[in-house]
Structures are given as C-alpha cells and as structure tokens.
>>> print(open('model29.cif').read())   # mmCIF, C-alpha atoms
data_protein
loop_
_atom_site.label_atom_id
_atom_site.label_comp_id
_atom_site.auth_asym_id
_atom_site.auth_seq_id
_atom_site.Cartn_x
_atom_site.Cartn_y
_atom_site.Cartn_z
CA MET T 74 40.22 141.97 253.26
CA SER T 75 37.83 140.94 250.50
CA LYS T 76 34.44 139.65 251.57
CA ASP T 77 34.67 137.01 248.86
CA THR T 78 37.30 134.99 250.69
CA LEU T 79 37.45 132.30 253.34
CA SER T 80 39.89 132.79 256.22
CA ILE T 81 41.49 129.53 257.31
CA THR T 82 43.67 128.97 260.34
CA ASP T 83 45.67 125.75 260.17
CA ASN T 84 45.89 124.71 263.80
CA ARG T 85 48.67 122.26 262.96
CA THR T 86 51.02 125.09 262.08
CA GLY T 87 49.29 128.24 263.31
CA LYS T 88 49.44 129.71 259.80
CA GLN T 89 46.53 131.69 258.35
CA TYR T 90 45.36 131.59 254.74
CA GLU T 91 42.90 133.51 252.57
CA VAL T 92 41.09 131.38 250.00
CA ALA T 93 39.03 133.01 247.24
CA ILE T 94 35.29 132.27 247.02
CA GLN T 95 33.69 132.40 243.58
CA ASP T 96 30.11 131.41 242.74
CA GLY T 97 29.66 130.03 246.24
CA SER T 98 32.64 127.70 245.88
CA LEU T 99 36.35 127.52 246.53
CA ARG T 100 38.89 125.81 244.35
CA ALA T 101 40.04 122.54 245.85
CA ALA T 102 43.53 123.18 244.45
CA ASP T 103 43.79 126.24 246.73
CA LEU T 104 43.89 123.86 249.69
CA ARG T 105 47.29 122.59 248.55
CA GLN T 106 48.94 125.62 250.12
CA LEU T 107 47.99 124.28 253.56
CA LYS T 108 51.09 122.26 254.39
CA VAL T 109 52.78 120.98 257.53
CA ARG T 110 56.12 120.68 255.71
CA GLU T 111 57.37 122.23 252.52
CA ASP T 112 57.81 118.81 250.91
CA ASP T 113 54.29 117.48 251.57
CA ALA T 114 51.57 117.56 248.91
CA GLY T 115 49.26 119.89 250.84
CA LEU T 116 45.70 119.44 252.02
CA VAL T 117 43.15 117.63 249.86
CA SER T 118 39.36 117.47 250.24
CA TYR T 119 37.83 114.05 250.92
CA ASP T 120 34.36 113.67 249.41
CA PRO T 121 33.15 110.08 248.78
CA ALA T 122 30.55 109.95 245.98
CA PHE T 123 31.07 113.70 245.34
CA ILE T 124 28.37 114.74 247.80
CA ASN T 125 29.59 118.35 247.92
CA THR T 126 32.10 118.68 245.09
CA ALA T 127 31.52 120.59 241.84
CA SER T 128 33.50 119.08 238.97
CA CYS T 129 32.61 121.66 236.35
CA ARG T 130 30.81 124.86 235.45
CA SER T 131 27.75 124.14 233.33
CA ALA T 132 25.03 126.23 231.68
CA ILE T 133 22.86 123.28 230.59
CA SER T 134 20.49 122.32 233.40
CA TYR T 135 19.77 123.74 236.84
CA ILE T 136 18.24 122.07 239.89
CA ASP T 137 17.13 123.58 243.19
CA GLY T 138 16.41 120.48 245.23
CA GLU T 139 14.94 122.34 248.18
CA LYS T 140 12.37 124.15 246.04
CA GLY T 141 11.73 121.35 243.54
CA ILE T 142 12.98 123.31 240.52
CA LEU T 143 14.39 121.86 237.29
CA ARG T 144 15.27 124.06 234.32
CA TYR T 145 16.88 123.37 230.96
CA ARG T 146 18.91 126.37 229.80
CA GLY T 147 16.75 128.51 232.10
CA TYR T 148 13.38 127.18 230.88
CA PRO T 149 11.22 125.50 233.57
CA ILE T 150 10.67 121.82 232.91
CA GLU T 151 6.94 122.33 233.36
CA GLN T 152 6.79 124.72 230.38
CA LEU T 153 8.90 122.49 228.15
CA ALA T 154 6.82 119.41 229.00
CA GLU T 155 3.63 121.30 228.16
CA LYS T 156 4.67 123.28 225.09
CA SER T 157 7.80 121.76 223.56
CA THR T 158 8.70 118.54 221.77
CA TYR T 159 11.57 116.26 222.60
CA LEU T 160 13.59 117.16 219.50
CA GLU T 161 13.06 120.87 220.13
CA THR T 162 14.22 120.34 223.73
CA ALA T 163 17.24 118.41 222.47
CA TYR T 164 18.13 121.36 220.22
CA LEU T 165 17.79 123.70 223.20
CA LEU T 166 20.13 121.60 225.36
CA LEU T 167 22.77 121.36 222.64
CA HIS T 168 22.61 124.89 221.23
CA GLY T 169 21.61 126.93 224.26
CA GLU T 170 18.57 128.57 222.68
CA LEU T 171 15.20 127.45 221.36
CA PRO T 172 15.28 127.05 217.57
CA THR T 173 13.47 129.19 215.05
CA ALA T 174 10.91 127.42 212.87
CA ALA T 175 13.49 127.10 210.07
CA GLN T 176 16.20 125.80 212.42
CA LEU T 177 13.84 123.25 213.95
CA ASP T 178 12.74 122.07 210.51
CA VAL T 179 16.36 121.42 209.45
CA TRP T 180 17.17 119.78 212.79
CA VAL T 181 14.20 117.40 212.66
CA ARG T 182 14.83 116.57 209.01
CA GLU T 183 18.49 115.74 209.63
CA ILE T 184 17.72 113.49 212.59
CA THR T 185 14.87 111.78 210.73
CA HIS T 186 17.16 110.91 207.83
CA HIS T 187 19.88 109.44 210.04
CA THR T 188 17.70 106.89 211.84
CA PHE T 189 18.79 103.94 209.69
CA ILE T 190 21.73 101.83 210.84
CA HIS T 191 24.30 99.83 208.87
CA GLU T 192 23.09 96.32 208.05
CA ASN T 193 26.17 94.88 209.78
CA ILE T 194 24.85 96.25 213.08
CA LYS T 195 21.87 93.93 212.63
CA LYS T 196 24.26 91.01 212.25
CA PHE T 197 26.05 92.16 215.41
CA ILE T 198 22.75 92.17 217.32
CA ASP T 199 21.91 88.72 215.95
CA GLY T 200 25.05 87.45 217.64
CA PHE T 201 23.59 88.06 221.09
CA HIS T 202 21.83 85.24 222.92
CA HIS T 203 18.05 85.31 222.57
CA ASP T 204 17.55 86.29 226.20
CA ALA T 205 20.26 88.98 226.33
CA HIS T 206 19.12 92.02 228.28
CA PRO T 207 18.19 94.83 225.84
CA MET T 208 20.27 97.32 227.82
CA GLY T 209 23.36 95.15 227.40
CA VAL T 210 22.69 94.97 223.67
CA PHE T 211 22.11 98.74 223.55
CA VAL T 212 25.37 99.58 225.36
CA SER T 213 27.32 97.26 223.06
CA THR T 214 25.80 98.50 219.80
CA VAL T 215 26.25 102.17 220.70
CA ALA T 216 29.92 101.44 221.36
CA ALA T 217 30.13 99.51 218.07
CA LEU T 218 28.96 102.58 216.13
CA SER T 219 32.40 104.12 216.73
CA THR T 220 33.88 101.50 214.39
CA PHE T 221 31.46 102.48 211.63
CA TYR T 222 32.28 106.20 211.94
CA PRO T 223 36.06 106.41 212.56
CA GLU T 224 35.96 110.13 211.76
CA ALA T 225 34.17 110.56 215.10
CA LYS T 226 37.62 110.64 216.69
CA ASN T 227 37.99 114.17 215.27
CA ILE T 228 36.34 115.57 218.38
CA HIS T 229 37.86 119.03 217.97
CA ASP T 230 36.32 119.45 214.53
CA GLU T 231 33.00 121.29 214.98
CA GLU T 232 31.33 119.80 211.91
CA SER T 233 32.39 116.28 212.87
CA ARG T 234 30.94 116.77 216.34
CA ARG T 235 27.70 118.06 214.85
CA ILE T 236 27.15 115.07 212.59
CA GLN T 237 28.01 112.53 215.30
CA ILE T 238 25.54 114.23 217.66
CA ILE T 239 22.81 114.01 215.01
CA ARG T 240 23.65 110.36 214.33
CA LEU T 241 23.52 109.40 218.00
CA ILE T 242 20.18 111.10 218.68
CA ALA T 243 18.78 109.59 215.47
CA LYS T 244 20.07 106.05 215.87
CA THR T 245 19.58 105.37 219.59
CA PRO T 246 15.82 104.66 219.16
CA THR T 247 16.61 102.31 216.27
CA LEU T 248 19.22 100.42 218.29
CA ALA T 249 16.85 100.26 221.25
CA ALA T 250 13.92 98.96 219.22
CA PHE T 251 16.11 96.41 217.42
CA ALA T 252 17.40 95.17 220.79
CA HIS T 253 13.79 94.65 221.86
CA ARG T 254 12.79 92.86 218.63
CA HIS T 255 15.78 90.54 218.99
CA SER T 256 14.84 89.70 222.58
CA VAL T 257 11.31 88.67 221.60
CA GLY T 258 12.28 86.91 218.36
CA MET T 259 10.52 89.31 215.99
CA PRO T 260 11.90 90.57 212.65
CA TYR T 261 13.36 94.06 212.76
CA ALA T 262 11.01 96.90 211.85
CA TYR T 263 12.81 99.65 209.94
CA PRO T 264 12.41 103.38 210.63
CA ASP T 265 9.55 105.22 208.95
CA ASN T 266 10.57 108.74 207.97
CA ASP T 267 6.93 109.85 207.81
CA LEU T 268 6.57 109.51 211.59
CA SER T 269 7.61 111.72 214.49
CA TYR T 270 10.56 110.80 216.69
CA PRO T 271 8.45 109.05 219.39
CA GLY T 272 6.01 107.73 216.81
CA ASN T 273 8.83 106.15 214.86
CA PHE T 274 10.14 104.47 218.00
CA LEU T 275 6.70 102.97 218.68
CA ASN T 276 6.60 101.84 215.04
CA MET T 277 9.94 100.04 215.33
CA MET T 278 8.87 98.47 218.62
CA PHE T 279 5.39 97.26 217.74
CA LEU T 280 4.88 97.00 213.95
CA THR T 281 3.61 93.52 213.09
CA THR T 282 1.59 92.70 209.97
CA GLU T 283 0.14 96.12 209.15
CA VAL T 284 1.48 97.87 206.05
CA LYS T 285 1.73 101.21 207.84
CA TYR T 286 1.97 101.66 211.61
CA VAL T 287 -0.13 104.55 212.92
CA PRO T 288 0.93 105.54 216.45
CA ASN T 289 -1.75 106.63 218.89
CA PRO T 290 -1.42 110.41 219.46
CA THR T 291 -1.85 110.10 223.24
CA LEU T 292 0.85 107.44 223.59
CA GLN T 293 3.09 109.29 221.17
CA ARG T 294 2.83 112.49 223.19
CA ALA T 295 3.28 110.64 226.49
CA LEU T 296 6.53 109.14 225.24
CA ASP T 297 7.69 112.52 223.95
CA VAL T 298 7.11 114.09 227.38
CA LEU T 299 8.85 111.23 229.18
CA PHE T 300 11.88 111.73 226.92
CA ILE T 301 11.83 115.47 227.74
CA LEU T 302 11.72 114.78 231.48
CA HIS T 303 14.76 112.50 231.22
CA ALA T 304 16.80 114.69 228.84
CA ASP T 305 19.25 116.15 231.38
CA HIS T 306 19.71 116.33 235.13
CA GLU T 307 22.93 118.09 236.10
CA GLN T 308 25.95 115.97 237.09
CA ASN T 309 24.25 112.66 237.86
CA CYS T 310 26.15 109.36 237.75
CA SER T 311 25.86 108.67 234.01
CA THR T 312 26.47 112.31 233.02
CA SER T 313 29.59 112.39 235.18
CA VAL T 314 30.77 109.21 233.43
CA MET T 315 30.12 110.86 230.04
CA ARG T 316 32.32 113.77 231.04
CA VAL T 317 35.04 111.66 232.65
CA VAL T 318 35.38 109.34 229.64
CA GLY T 319 35.12 112.33 227.32
CA SER T 320 37.96 114.04 229.17
CA SER T 321 40.30 111.37 227.75
CA HIS T 322 39.19 112.56 224.27
CA ALA T 323 37.41 109.31 223.44
CA ASP T 324 34.90 109.49 220.58
CA PRO T 325 31.25 110.35 221.46
CA TYR T 326 29.96 106.82 220.73
CA SER T 327 32.34 105.30 223.27
CA CYS T 328 31.47 108.04 225.77
CA THR T 329 27.74 107.49 225.29
CA ALA T 330 28.15 103.73 225.68
CA ALA T 331 30.01 104.31 228.95
CA ALA T 332 27.28 106.66 230.19
CA ALA T 333 24.61 104.12 229.24
CA ALA T 334 26.53 101.43 231.14
CA ALA T 335 26.38 103.64 234.24
CA LEU T 336 22.66 104.10 233.65
CA TYR T 337 22.26 100.31 233.54
CA GLY T 338 22.66 100.15 237.33
CA PRO T 339 19.50 99.61 239.44
CA LEU T 340 20.28 102.69 241.54
CA HIS T 341 20.15 104.88 238.42
CA GLY T 342 18.29 103.88 235.25
CA GLY T 343 16.73 100.76 236.73
CA ALA T 344 14.87 102.49 239.55
CA ASN T 345 11.44 102.51 237.86
CA GLU T 346 11.73 98.76 237.34
CA GLU T 347 12.29 98.42 241.10
CA VAL T 348 9.11 100.43 241.71
CA LEU T 349 7.07 97.92 239.69
CA ARG T 350 8.58 95.04 241.60
CA MET T 351 7.72 96.75 244.88
CA LEU T 352 4.10 97.37 243.85
CA ARG T 353 3.73 93.76 242.75
CA ALA T 354 5.24 92.59 246.03
CA ILE T 355 2.68 94.65 247.95
CA GLY T 356 -0.07 93.03 245.87
CA SER T 357 -3.14 94.94 247.09
CA LYS T 358 -4.11 98.18 248.83
CA ASP T 359 -4.97 96.49 252.12
CA LYS T 360 -1.36 95.29 252.46
CA ILE T 361 0.14 98.77 252.14
CA PRO T 362 0.10 99.70 255.87
CA ALA T 363 2.01 96.54 256.80
CA TYR T 364 4.54 97.21 254.01
CA VAL T 365 5.00 100.80 255.15
CA GLU T 366 5.67 99.65 258.71
CA ARG T 367 8.36 97.29 257.46
CA VAL T 368 9.93 100.20 255.57
CA LYS T 369 9.94 102.30 258.75
CA ARG T 370 11.63 99.45 260.63
CA GLY T 371 14.37 99.37 258.03
CA ASP T 372 13.43 95.93 256.66
CA LEU T 373 12.55 97.26 253.18
CA ARG T 374 13.10 100.31 250.98
CA LEU T 375 10.32 102.47 249.58
CA MET T 376 11.26 102.54 245.90
CA GLY T 377 10.38 105.64 243.87
CA PHE T 378 10.43 107.90 246.94
CA GLY T 379 13.19 110.32 247.82
CA HIS T 380 15.99 111.67 245.68
CA ARG T 381 19.65 112.48 246.15
CA ILE T 382 19.00 116.06 245.02
CA TYR T 383 15.29 116.85 245.51
CA LYS T 384 14.25 117.52 249.11
CA SER T 385 10.69 118.33 248.09
CA TYR T 386 8.36 116.93 245.42
CA ASP T 387 10.28 116.04 242.26
CA PRO T 388 8.85 118.46 239.63
CA ARG T 389 9.03 115.71 237.01
CA ALA T 390 6.84 113.45 239.17
CA ARG T 391 3.96 115.96 239.07
CA ILE T 392 4.13 116.13 235.27
CA ILE T 393 4.37 112.37 234.91
CA LYS T 394 1.32 111.87 237.13
CA ARG T 395 -0.77 114.00 234.75
CA ILE T 396 0.56 112.09 231.75
CA ALA T 397 -0.30 108.84 233.51
CA ASP T 398 -3.95 109.88 233.81
CA GLN T 399 -4.12 110.57 230.05
CA VAL T 400 -2.50 107.23 229.20
CA PHE T 401 -4.77 105.25 231.53
CA GLU T 402 -7.87 106.85 230.00
CA LEU T 403 -6.79 105.20 226.76
CA THR T 404 -5.30 101.91 227.94
CA GLY T 405 -7.39 101.30 231.02
CA LYS T 406 -6.04 101.57 234.53
CA ASN T 407 -3.16 99.30 235.39
CA PRO T 408 -4.05 97.33 238.58
CA LEU T 409 -0.84 98.62 240.10
CA VAL T 410 -2.02 102.23 239.78
CA ASP T 411 -4.50 101.95 242.65
CA ILE T 412 -1.74 100.55 244.86
CA ALA T 413 0.63 103.36 243.81
CA ILE T 414 -1.91 106.11 244.46
CA GLU T 415 -2.81 104.72 247.88
CA LEU T 416 0.86 104.19 248.77
CA GLU T 417 1.61 107.80 247.84
CA ARG T 418 -1.36 109.04 249.90
CA ILE T 419 -0.33 107.08 253.00
CA ALA T 420 3.35 108.00 252.74
CA LEU T 421 2.67 111.72 252.31
CA GLN T 422 0.51 111.72 255.45
CA ASP T 423 3.12 109.94 257.54
CA ASP T 424 5.56 112.16 259.41
CA TYR T 425 8.25 109.48 259.09
CA PHE T 426 8.46 110.08 255.33
CA VAL T 427 7.59 113.79 255.31
CA SER T 428 10.22 114.63 257.95
CA ARG T 429 12.82 112.77 255.88
CA LYS T 430 11.64 114.57 252.74
CA LEU T 431 10.81 111.29 251.00
CA TYR T 432 8.47 112.43 248.23
CA PRO T 433 7.65 110.59 244.98
CA ASN T 434 10.29 110.98 242.28
CA VAL T 435 10.22 110.59 238.50
CA ASP T 436 10.55 106.82 238.72
CA PHE T 437 7.40 106.28 240.78
CA TYR T 438 4.92 106.58 237.91
CA SER T 439 7.08 106.25 234.78
CA GLY T 440 7.34 102.46 235.00
CA ILE T 441 3.57 102.11 235.32
CA ILE T 442 3.09 104.25 232.22
CA TYR T 443 5.59 102.20 230.22
CA GLU T 444 3.90 98.99 231.28
CA ALA T 445 0.49 100.38 230.25
CA MET T 446 2.05 101.07 226.84
CA HIS T 447 3.10 97.38 226.69
CA ILE T 448 6.79 98.22 226.90
CA PRO T 449 8.64 95.34 228.63
CA VAL T 450 10.31 96.02 231.96
CA ASP T 451 13.74 95.18 230.51
CA MET T 452 13.34 98.12 228.14
CA PHE T 453 12.81 100.74 230.86
CA PRO T 454 16.50 101.70 231.26
CA VAL T 455 16.89 101.68 227.47
CA LEU T 456 14.12 104.27 227.14
CA PHE T 457 15.84 106.32 229.84
CA ALA T 458 19.05 106.19 227.76
CA ILE T 459 17.24 107.39 224.62
CA GLY T 460 15.84 110.37 226.51
CA ARG T 461 19.16 111.21 228.17
CA THR T 462 21.30 111.05 225.01
CA PRO T 463 21.05 114.76 224.02
CA GLY T 464 21.81 115.78 227.59
CA TRP T 465 24.89 113.55 227.65
CA LEU T 466 26.03 114.97 224.32
CA ALA T 467 25.45 118.57 225.44
CA GLN T 468 27.50 117.91 228.57
CA TRP T 469 30.22 116.18 226.52
CA GLN T 470 30.49 119.09 224.09
CA GLU T 471 30.46 121.66 226.90
CA MET T 472 33.29 119.78 228.61
CA LEU T 473 35.38 119.70 225.43
CA LEU T 474 35.00 123.45 224.92
CA ASP T 475 35.76 124.30 228.57
CA LYS T 476 39.40 125.43 228.74
CA GLU T 477 39.53 124.68 232.47
CA GLN T 478 38.87 120.98 231.95
CA ARG T 479 41.65 118.37 231.75
CA ILE T 480 41.63 114.59 231.79
CA ALA T 481 39.79 113.54 234.95
CA ARG T 482 42.08 112.22 237.66
CA PRO T 483 40.70 112.33 241.23
CA LYS T 484 43.00 112.24 244.25
CA GLN T 485 42.90 109.39 246.72
CA ILE T 486 43.78 109.00 250.38
CA TYR T 487 46.10 106.02 250.61
CA THR T 488 45.33 103.67 253.53
CA GLY T 489 47.53 100.71 252.63
CA SER T 490 50.85 99.46 253.98
CA GLY T 491 54.03 101.50 254.02
CA GLU T 492 57.08 100.41 252.05
CA ARG T 493 57.83 96.70 252.45
CA GLU T 494 60.59 94.38 251.28
CA TYR T 495 59.64 91.57 248.92
CA VAL T 496 59.47 88.22 250.76
CA PRO T 497 60.65 85.12 248.85
CA MET T 498 58.08 82.32 248.63
CA ALA T 499 60.05 79.97 250.93
CA LYS T 500 60.02 82.52 253.77
CA ARG T 501 56.32 83.45 253.64
CA LYS T 502 54.11 82.27 256.52
#
>>> encode(input="model29.cif", output="structure tokens")
Amino acid sequence: MSKDTLSITDNRTGKQYEVAIQDGSLRAADLRQLKVREDDAGLVSYDPAFINTASCRSAISYIDGEKGILRYRGYPIEQLAEKSTYLETAYLLLHGELPTAAQLDVWVREITHHTFIHENIKKFIDGFHHDAHPMGVFVSTVAALSTFYPEAKNIHDEESRRIQIIRLIAKTPTLAAFAHRHSVGMPYAYPDNDLSYPGNFLNMMFLTTEVKYVPNPTLQRALDVLFILHADHEQNCSTSVMRVVGSSHADPYSCTAAAAAALYGPLHGGANEEVLRMLRAIGSKDKIPAYVERVKRGDLRLMGFGHRIYKSYDPRARIIKRIADQVFELTGKNPLVDIAIELERIALQDDYFVSRKLYPNVDFYSGIIYEAMHIPVDMFPVLFAIGRTPGWLAQWQEMLLDKEQRIARPKQIYTGSGEREYVPMAKRK
C-alpha cells in the first residue's frame, strides 16, 4: 500500500477505498466513488466559503499564515518592497522571473505609452452622477474597455493577451484618477509620459494650475510600495472571481471588472476605510481601553486586526508601518496615528487578542497613509484595485493555460422540497 494514499472506510456500506494524496491534497472527484447505491452521485465535500478547498494549482504567490510569510514567485515580499518597483514586480508576477534591464525598459515603455484612454470613455464617465462612488465608476469603465478592444475576446492568442494585459495595467490608474476628478468636479488631468507609474497617478489625481506636476519622491515611493504589497495574495475573494469569470472565457476587461466588483465589498477592499472610521469613532487615546472592552464583549469589531490567512503578524503590515513613518515625516503626523499606535500596543499586550492571533494586518496603517497623502477615503478600494490588477491578470492567464481547468461549476447540497404537483390558483391556501 502506498504511503501517499488515504484509506477510507465507508461505515454506511462497510466498503474500503484508497484515495491518492498529492501535494498534501486529495481530489474531491475521487470521493464520488463512495456510494450507497450504484445510481447515486457519490460523496461530495461540503465547504462553505472554501475554507479548506484548493481550486487550482498556482505558481504565482505563496502564503504561510502561521509563519507570516508572503512571497511572489518565490521572492519574499520584504525584499521586493525594499528593492523592486511596482512595474518590475508586475513583470515578475506575469512572467515568472525578474526582468533583465532591457526587458524592464521595454515593459515600462510599453505601459507608459498605453496610459491614455479613448475620449469616449471620458464622456462615459461624465454620464455618472456627480456624487457617484469612484469605485463604481472604476468597475464600470474597466468593463466598458472591452467594447473598445473587441479583439480582447481572442483570449487564446498569446499576443492578444499580452497587449490587453499591458493596456489594463497602463489604463487602470488613468480610469481611477479620472473617476476621482469627476467626483470632485475638476477637469481631467491627462497622463504625463515623463513620470513614473506612481508619479503619473499622483499627477492625474492632483494636478491643478501648475504647468508640470512634480511628484514628491517620498510619496511616490510610498505609493509604489503600497501597490507592490497589494499586487497578489493567493486565492482571495476577488482573485477567485477573476478565475471563475475567466473560466467562462470572458475577455480580460470583463474579468477584471468582476474582480474589482468583488473588491468593492467592505470585507475585502474596503477594510482600510473601516479602520479609519473606527479610529475616528474612538476619538482619543484615553478612550481606547473602553473601546477594547466593548470589542471583547462582542459589541464591536476591531478593524484592521486579524486575517483569514495570517495567524501571526501580517508581513505587509510591518512594511507599511515603516512606510508610514517616512510619509508622516513629510506630511506631519495624522492625529489618528497616535490612536492607532496606542491601540496596537494595548491589543498586542492583551491575551484576548494574542490568544486569538488577532495581529494588525495590511489595512491597519494603509488608510492612514492614504489620508496623509490627501487621497479621499472613497478612493481607497480603487487604489487597491490598481495594485491588484497585475496579480489578477497573472492568475487569469495561469488559469487559461492550465489544462486541468474547466468552466467553474461548484456542487450544491439541495435542501429544498421534493417533487410537488403544481397547485392551481383557486386551490391554494
């Protein structure tokens, strides 16, 4: 008997089965052989919210939640945040290897020259109400891009995939910035090809009357690092949506819009906004102990603490905390920072939180940094979407090239009524 198998005894029938184990997993389809009768469908696994179900094999990002490890293509996130740029990291996620100097030069040049959007997209944005949420505008305009590039439907053509990937990475900051300018009633600021990727985004967000916008190097680098930290994160909610929609062979713009819609939710991309609201609700450091007690009683949630995957300190949170210090040296300390630091100190000394492995996550400090950079709260999930776009696209492409993948179609366990006869209206009670 192979050691790489699981022996199962079905106590309903007394039959024994050997199920293969590969990479620490067993194939759910192998459970179908466990039947009570020959004509039944066999056993299925029931896993609400996919707590312990692997939907794919992936070589893109790796997380060890117990040890607080995050790697992109094998590279520790700490090294990439310190030494890489966002566009270099995007290349790594999509191509599997870090680029040479020549490859990076071509990659950056291509993305830089695809940042402009069709003028009709501007008219589309103008059609939104003045107070439309920027994330709603972003989701809609990303989806609309598919109508401007109908060739994007050729998803099995490698060159078509390549150009759509470049377009999406290039144009998402433009769409995001235009959504912001529309929401505040300012004229659109066009891309500046002389600027870096994060610098250009800041230009399109904040250019006013100056002839040439010059981004601050500290803020530019902070934004670059934040994009790196958000670039990919295994099979999270929005990435799973990207793969599921992609499995129907939809074009990448539609898939990305669907993923961004998933990110729109407050439990996913809106979490850092919830942190700011919590800190404002606390109001001052002296009110933290009372707030913490209410959290322990179950009256409130401690936003920005704990993670579905990480059971120790989120490695991205450590990096973001260092970036925060650099930003605050330039902008001045946000009044909420003192509350955040004290809240973190108290929580990490309290056995209630430590025993439950509730440590600060990436959302705890990112919102405070964005606010210090004068980025409106409504834009927080949009920035998350910009950062995550290359990860979504890498996952989408990997899914398309994986011969094991088919159109996604989960099983269900039916709990409704058995067969019933239709009752005419006159006889219904």
>>> closest_residue(input="model29.cif", among="T:Pro362, T:Gly141, T:Pro121, T:Gly356", to="Asp423 (chain T)", atoms="all atoms listed in the file")
T:Pro362
>>> residues_around(input="model29.cif", residues="Leu218 (chain T)", least_positions_apart="2", cutoff="10 Å", atoms="all atoms listed in the file", output="ChimeraX atom specification")
/T:190-191,194,213-216,220-223,225,240-241,244,325-327,330
>>> residues_around(input="model29.cif", residues="region 460-477 of chain T", least_positions_apart="5", cutoff="7 Å", atoms="all atoms listed in the file", output="number ranges by chain")
T: 163, 166-167, 238, 242, 300-301, 303-305, 312, 315-316, 319
>>> axis_aligned_box(input="model29.cif", around="region 327-343 of chain T", padding_each_side="4 Å", output="AutoDock Vina command-line options")
--center_x 24.5 --center_y 103.8 --center_z 232.4 --size_x 23.6 --size_y 16.4 --size_z 26.3
>>> residues_around(input="model29.cif", residues="Tyr386 (chain T)", least_positions_apart="4", cutoff="9 Å", atoms="all atoms listed in the file", output="MDAnalysis selection string")
chainID T and resid 138:141 379 390:391 430:434
>>> closest_residue(input="model29.cif", among="T:Ile236, T:Ala127, T:Leu373, T:Met208", to="Ala252 (chain T)", atoms="only C-alpha atoms")
T:Met208
>>> residues_around(input="model29.cif", residues="Phe457 (chain T)", least_positions_apart="5", cutoff="12 Å", atoms="all atoms listed in the file", output="PDB file with C-alpha atoms, keeping the file's coordinate frame")
ATOM      1  CA  MET T 208      20.270  97.320 227.820  1.00  0.00           C
ATOM      2  CA  PHE T 211      22.110  98.740 223.550  1.00  0.00           C
ATOM      3  CA  THR T 245      19.580 105.370 219.590  1.00  0.00           C
ATOM      4  CA  PRO T 246      15.820 104.660 219.160  1.00  0.00           C
ATOM      5  CA  ALA T 249      16.850 100.260 221.250  1.00  0.00           C
ATOM      6  CA  LEU T 296       6.530 109.140 225.240  1.00  0.00           C
ATOM      7  CA  ASP T 297       7.690 112.520 223.950  1.00  0.00           C
ATOM      8  CA  VAL T 298       7.110 114.090 227.380  1.00  0.00           C
ATOM      9  CA  LEU T 299       8.850 111.230 229.180  1.00  0.00           C
ATOM     10  CA  PHE T 300      11.880 111.730 226.920  1.00  0.00           C
ATOM     11  CA  ILE T 301      11.830 115.470 227.740  1.00  0.00           C
ATOM     12  CA  LEU T 302      11.720 114.780 231.480  1.00  0.00           C
ATOM     13  CA  HIS T 303      14.760 112.500 231.220  1.00  0.00           C
ATOM     14  CA  ALA T 304      16.800 114.690 228.840  1.00  0.00           C
ATOM     15  CA  ASP T 305      19.250 116.150 231.380  1.00  0.00           C
ATOM     16  CA  HIS T 306      19.710 116.330 235.130  1.00  0.00           C
ATOM     17  CA  SER T 311      25.860 108.670 234.010  1.00  0.00           C
ATOM     18  CA  ALA T 332      27.280 106.660 230.190  1.00  0.00           C
ATOM     19  CA  ALA T 333      24.610 104.120 229.240  1.00  0.00           C
ATOM     20  CA  ALA T 334      26.530 101.430 231.140  1.00  0.00           C
ATOM     21  CA  ALA T 335      26.380 103.640 234.240  1.00  0.00           C
ATOM     22  CA  LEU T 336      22.660 104.100 233.650  1.00  0.00           C
ATOM     23  CA  TYR T 337      22.260 100.310 233.540  1.00  0.00           C
ATOM     24  CA  GLY T 338      22.660 100.150 237.330  1.00  0.00           C
ATOM     25  CA  HIS T 341      20.150 104.880 238.420  1.00  0.00           C
ATOM     26  CA  GLY T 342      18.290 103.880 235.250  1.00  0.00           C
ATOM     27  CA  GLY T 343      16.730 100.760 236.730  1.00  0.00           C
ATOM     28  CA  ALA T 344      14.870 102.490 239.550  1.00  0.00           C
ATOM     29  CA  ASN T 345      11.440 102.510 237.860  1.00  0.00           C
ATOM     30  CA  GLU T 346      11.730  98.760 237.340  1.00  0.00           C
ATOM     31  CA  VAL T 435      10.220 110.590 238.500  1.00  0.00           C
ATOM     32  CA  ASP T 436      10.550 106.820 238.720  1.00  0.00           C
ATOM     33  CA  SER T 439       7.080 106.250 234.780  1.00  0.00           C
ATOM     34  CA  GLY T 440       7.340 102.460 235.000  1.00  0.00           C
ATOM     35  CA  TYR T 443       5.590 102.200 230.220  1.00  0.00           C
ATOM     36  CA  VAL T 450      10.310  96.020 231.960  1.00  0.00           C
ATOM     37  CA  ASP T 451      13.740  95.180 230.510  1.00  0.00           C
ATOM     38  CA  MET T 452      13.340  98.120 228.140  1.00  0.00           C
ATOM     39  CA  THR T 462      21.300 111.050 225.010  1.00  0.00           C
ATOM     40  CA  PRO T 463      21.050 114.760 224.020  1.00  0.00           C
ATOM     41  CA  GLY T 464      21.810 115.780 227.590  1.00  0.00           C
ATOM     42  CA  TRP T 465      24.890 113.550 227.650  1.00  0.00           C
TER      43      TRP T 465
END
>>> residues_around(input="model29.cif", residues="Leu99 (chain T)", least_positions_apart="2", cutoff="12 Å", atoms="all atoms listed in the file", output="count of residues only")
20
>>> closest_residue(input="model29.cif", among="T:Arg418, T:Thr86, T:His447, T:Leu275", to="Glu111 (chain T)", atoms="only C-alpha atoms")
T:Thr86
>>> resolve_selection(input="model29.cif", expression="the PyMOL selection byres ((chain T and resi 253) around 12)", output="JSON, numbers by chain")
{"T": [198, 199, 201, 203, 204, 205, 206, 207, 208, 209, 210, 211, 246, 247, 248, 249, 250, 251, 252, 254, 255, 256, 257, 258, 259, 260, 261, 262, 274, 275, 277, 278, 279, 448, 449, 450, 451, 452, 453, 455, 456]}
>>> closest_residue(input="model29.cif", among="T:Thr282, T:Thr291, T:Ser313, T:Thr185", to="Asp265 (chain T)", atoms="all atoms listed in the file")
T:Thr185
>>> resolve_selection(input="model29.cif", expression="the PyMOL selection byres ((chain T and resi 186) around 10)", output="list in words")
Val181, Arg182, Glu183, Ile184, Thr185, His187, Thr188, Phe189, Ile239, Arg240, Ala243, Lys244, Pro264, Asp265 and Asn266 of chain T
>>> atom_distance(input="model29.cif", atom1="CA of Val287 (chain T)", atom2="CA of Val400 (chain T)")
16.7 Å
>>> resolve_selection(input="model29.cif", expression="the PyMOL selection byres ((chain T and resi 131) around 9)", output="JSON, numbers by chain")
{"T": [129, 130, 132, 133, 134, 135, 307, 468, 471, 472]}
>>> closest_residue(input="model29.cif", among="T:Gly377, T:Ala481, T:Tyr90, T:Thr158", to="Val318 (chain T)", atoms="all atoms listed in the file")
T:Ala481
>>> residues_near_point(input="model29.cif", point="(13.5, 122.3, 242.0)", cutoff="10 Å", atoms="only C-alpha atoms", output="list in words")
Tyr135, Ile136, Asp137, Gly138, Glu139, Lys140, Gly141, Ile142, Leu143, Arg144, Pro149, Ile150, Ile382, Tyr383, Lys384, Ser385, Tyr386, Asp387, Pro388 and Arg389 of chain T
>>> atom_distance(input="model29.cif", atom1="CA of Thr162 (chain T)", atom2="CA of Ile459 (chain T)")
13.3 Å
>>> closest_residue(input="model29.cif", among="T:Arg493, T:Leu268, T:His168, T:Ile480", to="Ala323 (chain T)", atoms="all atoms listed in the file")
T:Ile480
